[in-house]
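**Q** What follows is the file model_10.json, containing JSON, N, CA and C atoms:
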[["chain", "number", "residue", "atom", "x", "y", "z"],
["A", 1400, "MET", "N", -119.91, 21.92, 3.92],
["A", 1400, "MET", "CA", -118.53, 21.86, 4.38],
["A", 1400, "MET", "C", -117.88, 23.22, 4.18],
["A", 1401, "ASN", "N", -117.41, 23.79, 5.26],
["A", 1401, "ASN", "CA", -116.70, 25.06, 5.21],
["A", 1401, "ASN", "C", -115.20, 24.77, 5.20],
["A", 1402, "TRP", "N", -114.64, 24.60, 4.01],
["A", 1402, "TRP", "CA", -113.24, 24.21, 3.90],
["A", 1402, "TRP", "C", -112.30, 25.25, 4.49],
["A", 1403, "GLN", "N", -112.72, 26.50, 4.59],
["A", 1403, "GLN", "CA", -111.87, 27.56, 5.14],
["A", 1403, "GLN", "C", -111.47, 27.31, 6.59],
["A", 1404, "GLU", "N", -112.25, 26.49, 7.29],
["A", 1404, "GLU", "CA", -111.92, 26.16, 8.69],
["A", 1404, "GLU", "C", -110.75, 25.18, 8.77],
["A", 1405, "TYR", "N", -110.43, 24.51, 7.68],
["A", 1405, "TYR", "CA", -109.41, 23.46, 7.68],
["A", 1405, "TYR", "C", -108.21, 23.77, 6.80],
["A", 1406, "VAL", "N", -108.42, 24.46, 5.70],
["A", 1406, "VAL", "CA", -107.36, 24.69, 4.73],
["A", 1406, "VAL", "C", -106.74, 26.07, 4.96],
["A", 1407, "VAL", "N", -105.42, 26.09, 5.04],
["A", 1407, "VAL", "CA", -104.71, 27.36, 5.21],
["A", 1407, "VAL", "C", -103.64, 27.50, 4.13],
["A", 1408, "ILE", "N", -103.40, 28.74, 3.77],
["A", 1408, "ILE", "CA", -102.33, 29.07, 2.84],
["A", 1408, "ILE", "C", -101.49, 30.13, 3.52],
["A", 1409, "ASP", "N", -100.29, 29.74, 3.91],
["A", 1409, "ASP", "CA", -99.39, 30.62, 4.65],
["A", 1409, "ASP", "C", -98.00, 30.48, 4.05],
["A", 1410, "PRO", "N", -97.40, 31.58, 3.60],
["A", 1410, "PRO", "CA", -96.08, 31.48, 2.98],
["A", 1410, "PRO", "C", -95.01, 30.88, 3.89],
["A", 1411, "GLU", "N", -95.25, 30.85, 5.18],
["A", 1411, "GLU", "CA", -94.29, 30.29, 6.13],
["A", 1411, "GLU", "C", -94.47, 28.78, 6.35],
["A", 1412, "ILE", "N", -95.55, 28.23, 5.79],
["A", 1412, "ILE", "CA", -95.84, 26.81, 5.97],
["A", 1412, "ILE", "C", -95.95, 26.16, 4.59],
["A", 1413, "CYS", "N", -95.18, 25.13, 4.36],
["A", 1413, "CYS", "CA", -95.21, 24.38, 3.09],
["A", 1413, "CYS", "C", -95.05, 25.29, 1.87],
["A", 1414, "ARG", "N", -94.22, 26.32, 2.04],
["A", 1414, "ARG", "CA", -93.93, 27.26, 0.94],
["A", 1414, "ARG", "C", -95.19, 27.90, 0.34],
["A", 1415, "GLY", "N", -96.20, 28.08, 1.18],
["A", 1415, "GLY", "CA", -97.41, 28.76, 0.74],
["A", 1415, "GLY", "C", -98.40, 27.88, 0.02],
["A", 1416, "ARG", "N", -98.16, 26.59, -0.01],
["A", 1416, "ARG", "CA", -99.12, 25.69, -0.63],
["A", 1416, "ARG", "C", -100.25, 25.38, 0.35],
["A", 1417, "ALA", "N", -101.42, 25.15, -0.19],
["A", 1417, "ALA", "CA", -102.58, 24.86, 0.64],
["A", 1417, "ALA", "C", -102.33, 23.59, 1.45],
["A", 1418, "CYS", "N", -102.54, 23.69, 2.77],
["A", 1418, "CYS", "CA", -102.38, 22.52, 3.63],
["A", 1418, "CYS", "C", -103.46, 22.55, 4.71],
["A", 1419, "ILE", "N", -103.55, 21.46, 5.42],
["A", 1419, "ILE", "CA", -104.54, 21.35, 6.48],
["A", 1419, "ILE", "C", -104.01, 22.03, 7.74],
["A", 1420, "ARG", "N", -104.85, 22.86, 8.33],
["A", 1420, "ARG", "CA", -104.49, 23.64, 9.52],
["A", 1420, "ARG", "C", -103.86, 22.75, 10.60],
["A", 1421, "CYS", "N", -102.82, 23.27, 11.22],
["A", 1421, "CYS", "CA", -102.09, 22.61, 12.31],
["A", 1421, "CYS", "C", -101.39, 21.32, 11.87],
["A", 1422, "THR", "N", -101.21, 21.14, 10.58],
["A", 1422, "THR", "CA", -100.43, 20.01, 10.06],
["A", 1422, "THR", "C", -99.56, 20.57, 8.94],
["A", 1423, "ARG", "N", -98.75, 19.73, 8.39],
["A", 1423, "ARG", "CA", -98.00, 20.07, 7.19],
["A", 1423, "ARG", "C", -98.42, 19.15, 6.04],
["A", 1424, "VAL", "N", -99.64, 18.65, 6.13],
["A", 1424, "VAL", "CA", -100.17, 17.78, 5.08],
["A", 1424, "VAL", "C", -100.83, 18.69, 4.04],
["A", 1425, "MET", "N", -100.26, 18.67, 2.85],
["A", 1425, "MET", "CA", -100.78, 19.52, 1.79],
["A", 1425, "MET", "C", -102.05, 18.94, 1.19],
["A", 1426, "VAL", "N", -102.94, 19.83, 0.79],
["A", 1426, "VAL", "CA", -104.19, 19.42, 0.14],
["A", 1426, "VAL", "C", -103.88, 18.58, -1.09],
["A", 1427, "SER", "N", -102.85, 18.95, -1.83],
["A", 1427, "SER", "CA", -102.51, 18.20, -3.05],
["A", 1427, "SER", "C", -102.16, 16.75, -2.73],
["A", 1428, "VAL", "N", -101.55, 16.49, -1.58],
["A", 1428, "VAL", "CA", -101.21, 15.12, -1.19],
["A", 1428, "VAL", "C", -102.49, 14.32, -0.94],
["A", 1429, "ILE", "N", -103.44, 14.93, -0.28],
["A", 1429, "ILE", "CA", -104.72, 14.26, -0.02],
["A", 1429, "ILE", "C", -105.43, 13.97, -1.34],
["A", 1430, "LEU", "N", -105.49, 14.95, -2.22],
["A", 1430, "LEU", "CA", -106.16, 14.76, -3.51],
["A", 1430, "LEU", "C", -105.44, 13.72, -4.36],
["A", 1431, "ASP", "N", -104.11, 13.72, -4.33],
["A", 1431, "ASP", "CA", -103.35, 12.71, -5.07],
["A", 1431, "ASP", "C", -103.67, 11.30, -4.57],
["A", 1432, "ASN", "N", -103.77, 11.15, -3.26],
["A", 1432, "ASN", "CA", -104.09, 9.85, -2.68],
["A", 1432, "ASN", "C", -105.48, 9.39, -3.08],
["A", 1433, "ILE", "N", -106.43, 10.29, -3.08],
["A", 1433, "ILE", "CA", -107.79, 9.94, -3.49],
["A", 1433, "ILE", "C", -107.81, 9.58, -4.97],
["A", 1434, "ALA", "N", -107.10, 10.36, -5.78],
["A", 1434, "ALA", "CA", -107.04, 10.07, -7.22],
["A", 1434, "ALA", "C", -106.39, 8.72, -7.50],
["A", 1435, "ALA", "N", -105.49, 8.30, -6.62],
["A", 1435, "ALA", "CA", -104.82, 7.00, -6.77],
["A", 1435, "ALA", "C", -105.69, 5.84, -6.27],
["A", 1436, "GLY", "N", -106.88, 6.16, -5.77],
["A", 1436, "GLY", "CA", -107.81, 5.12, -5.36],
["A", 1436, "GLY", "C", -107.81, 4.80, -3.88],
["A", 1437, "GLN", "N", -107.07, 5.56, -3.09],
["A", 1437, "GLN", "CA", -107.08, 5.30, -1.65],
["A", 1437, "GLN", "C", -108.37, 5.82, -1.04],
["A", 1438, "GLY", "N", -108.87, 5.08, -0.08],
["A", 1438, "GLY", "CA", -110.06, 5.49, 0.64],
["A", 1438, "GLY", "C", -109.71, 6.37, 1.83],
["A", 1439, "VAL", "N", -110.72, 6.93, 2.42],
["A", 1439, "VAL", "CA", -110.53, 7.82, 3.57],
["A", 1439, "VAL", "C", -109.80, 7.10, 4.70],
["A", 1440, "GLU", "N", -110.19, 5.88, 4.99],
["A", 1440, "GLU", "CA", -109.56, 5.13, 6.08],
["A", 1440, "GLU", "C", -108.07, 4.92, 5.84],
["A", 1441, "GLU", "N", -107.71, 4.62, 4.59],
["A", 1441, "GLU", "CA", -106.29, 4.43, 4.27],
["A", 1441, "GLU", "C", -105.50, 5.73, 4.47],
["A", 1442, "ILE", "N", -106.10, 6.83, 4.05],
["A", 1442, "ILE", "CA", -105.43, 8.13, 4.19],
["A", 1442, "ILE", "C", -105.27, 8.47, 5.67],
["A", 1443, "LEU", "N", -106.30, 8.20, 6.46],
["A", 1443, "LEU", "CA", -106.23, 8.47, 7.89],
["A", 1443, "LEU", "C", -105.14, 7.63, 8.57],
["A", 1444, "LYS", "N", -104.94, 6.41, 8.10],
["A", 1444, "LYS", "CA", -103.88, 5.57, 8.66],
["A", 1444, "LYS", "C", -102.50, 6.11, 8.29],
["A", 1445, "SER", "N", -102.38, 6.62, 7.07],
["A", 1445, "SER", "CA", -101.10, 7.16, 6.61],
["A", 1445, "SER", "C", -100.77, 8.50, 7.25],
["A", 1446, "TYR", "N", -101.80, 9.27, 7.54],
["A", 1446, "TYR", "CA", -101.63, 10.62, 8.10],
["A", 1446, "TYR", "C", -102.51, 10.75, 9.34],
["A", 1447, "PRO", "N", -102.06, 10.24, 10.47],
["A", 1447, "PRO", "CA", -102.89, 10.22, 11.68],
["A", 1447, "PRO", "C", -103.25, 11.60, 12.22],
["A", 1448, "SER", "N", -102.57, 12.65, 11.76],
["A", 1448, "SER", "CA", -102.92, 13.99, 12.23],
["A", 1448, "SER", "C", -104.17, 14.53, 11.53],
["A", 1449, "LEU", "N", -104.64, 13.83, 10.51],
["A", 1449, "LEU", "CA", -105.83, 14.27, 9.79],
["A", 1449, "LEU", "C", -107.09, 13.71, 10.42],
["A", 1450, "THR", "N", -108.20, 14.33, 10.07],
["A", 1450, "THR", "CA", -109.53, 13.84, 10.45],
["A", 1450, "THR", "C", -110.32, 13.63, 9.16],
["A", 1451, "GLN", "N", -111.41, 12.93, 9.28],
["A", 1451, "GLN", "CA", -112.28, 12.75, 8.12],
["A", 1451, "GLN", "C", -112.76, 14.10, 7.61],
["A", 1452, "ASP", "N", -113.10, 15.01, 8.51],
["A", 1452, "ASP", "CA", -113.55, 16.34, 8.10],
["A", 1452, "ASP", "C", -112.46, 17.10, 7.34],
["A", 1453, "ALA", "N", -111.21, 16.91, 7.73],
["A", 1453, "ALA", "CA", -110.11, 17.57, 7.03],
["A", 1453, "ALA", "C", -110.00, 17.05, 5.60],
["A", 1454, "ILE", "N", -110.20, 15.75, 5.42],
["A", 1454, "ILE", "CA", -110.16, 15.18, 4.07],
["A", 1454, "ILE", "C", -111.31, 15.71, 3.23],
["A", 1455, "LEU", "N", -112.49, 15.78, 3.82],
["A", 1455, "LEU", "CA", -113.64, 16.35, 3.11],
["A", 1455, "LEU", "C", -113.40, 17.82, 2.76],
["A", 1456, "ALA", "N", -112.75, 18.54, 3.65],
["A", 1456, "ALA", "CA", -112.43, 19.95, 3.38],
["A", 1456, "ALA", "C", -111.46, 20.06, 2.20],
["A", 1457, "ALA", "N", -110.50, 19.15, 2.13],
["A", 1457, "ALA", "CA", -109.56, 19.15, 1.00],
["A", 1457, "ALA", "C", -110.31, 18.92, -0.31],
["A", 1458, "LEU", "N", -111.27, 18.01, -0.29],
["A", 1458, "LEU", "CA", -112.09, 17.77, -1.48],
["A", 1458, "LEU", "C", -112.92, 19.00, -1.85],
["A", 1459, "ALA", "N", -113.51, 19.63, -0.84],
["A", 1459, "ALA", "CA", -114.31, 20.83, -1.09],
["A", 1459, "ALA", "C", -113.45, 21.96, -1.65],
["A", 1460, "TYR", "N", -112.24, 22.10, -1.14],
["A", 1460, "TYR", "CA", -111.31, 23.10, -1.64],
["A", 1460, "TYR", "C", -110.98, 22.83, -3.10],
["A", 1461, "GLY", "N", -110.68, 21.57, -3.42],
["A", 1461, "GLY", "CA", -110.39, 21.20, -4.80],
["A", 1461, "GLY", "C", -111.58, 21.46, -5.72],
["A", 1462, "ALA", "N", -112.78, 21.17, -5.24],
["A", 1462, "ALA", "CA", -113.97, 21.43, -6.03],
["A", 1462, "ALA", "C", -114.17, 22.91, -6.29],
["A", 1463, "GLU", "N", -113.89, 23.72, -5.28],
["A", 1463, "GLU", "CA", -114.02, 25.18, -5.44],
["A", 1463, "GLU", "C", -113.03, 25.70, -6.48],
["A", 1464, "LEU", "N", -111.81, 25.18, -6.44],
["A", 1464, "LEU", "CA", -110.82, 25.61, -7.42],
["A", 1464, "LEU", "C", -111.23, 25.22, -8.83],
["A", 1465, "ALA", "N", -111.87, 24.07, -8.97],
["A", 1465, "ALA", "CA", -112.30, 23.60, -10.28],
["A", 1465, "ALA", "C", -113.45, 24.43, -10.86],
["A", 1466, "ARG", "N", -114.18, 25.10, -9.98],
["A", 1466, "ARG", "CA", -115.28, 25.94, -10.46],
["A", 1466, "ARG", "C", -114.71, 27.15, -11.13]]
Could you write out this file's structure as structure tokens?

**A**
Amino acid sequence: MNWQEYVVIDPEICRGRACIRCTRVMVSVILDNIAAGQGVEEILKSYPSLTQDAILAALAYGAELAR
């Protein structure tokens, strides 16, 4: 998974917080939802602008930060 294709950090979007390209859905929101026990399908229903690959990219980004 090449998270760089999905995750952007731009000071003009979401105050520079990591978000999914072409959306205003922050990576932290996706990770918070997963940590709360929501599955991919639930997240996709809540945020229809996302794709499964975008959610996986958010996870990969979080994993990279943890390294």

**Q** Can you list, as number ranges by chain, every residue of chain A that DSSP puts in alpha helix (DSSP H)?

**A** A: 1426-1434, 1439-1445, 1451-1465

**Q** Just the number, please: distance in Å from CA of Gly1436 in chain A to atom C of Asp1409 in chain A, one decimal.

**A**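 Between CA of Gly1436 in chain A and atom C of Asp1409 in chain A the gap is 28.8 Å.
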
**Q** Between CA of Arg1466 in chain A and CA of Met1400 in chain A, measure the distance and give it in Å to one decimal.

**A**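 Taking CA of Arg1466 in chain A as the start and CA of Met1400 in chain A as the end point, the length is 15.7 Å.
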
**Q** Measuring atom to atom with only N, CA and C atoms, identify which of A:Gln1451, A:Gln1437, A:Val1406, A:Ala1457 is nearest to Arg1420 in chain A.

**A**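 Checking each candidate against Arg1420 in chain A, we get A:Val1406 as the closest.
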
**Q** Smallest atom-to-atom distance to Leu1449 in chain A: which of A:Ile1419, A:Ala1465, A:Ala1435, A:Ile1412, using all atoms listed in the file?

**A**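 So, comparing all the options, the nearest one is A:Ile1419.
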
**Q** Which is closest to Leu1455 in chain A among A:Ile1429, A:Ile1408, A:Ala1434, A:Ala1417, if we use only C-alpha atoms?

**A**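 Selected residue with least distance to Leu1455 in chain A: A:Ile1429.
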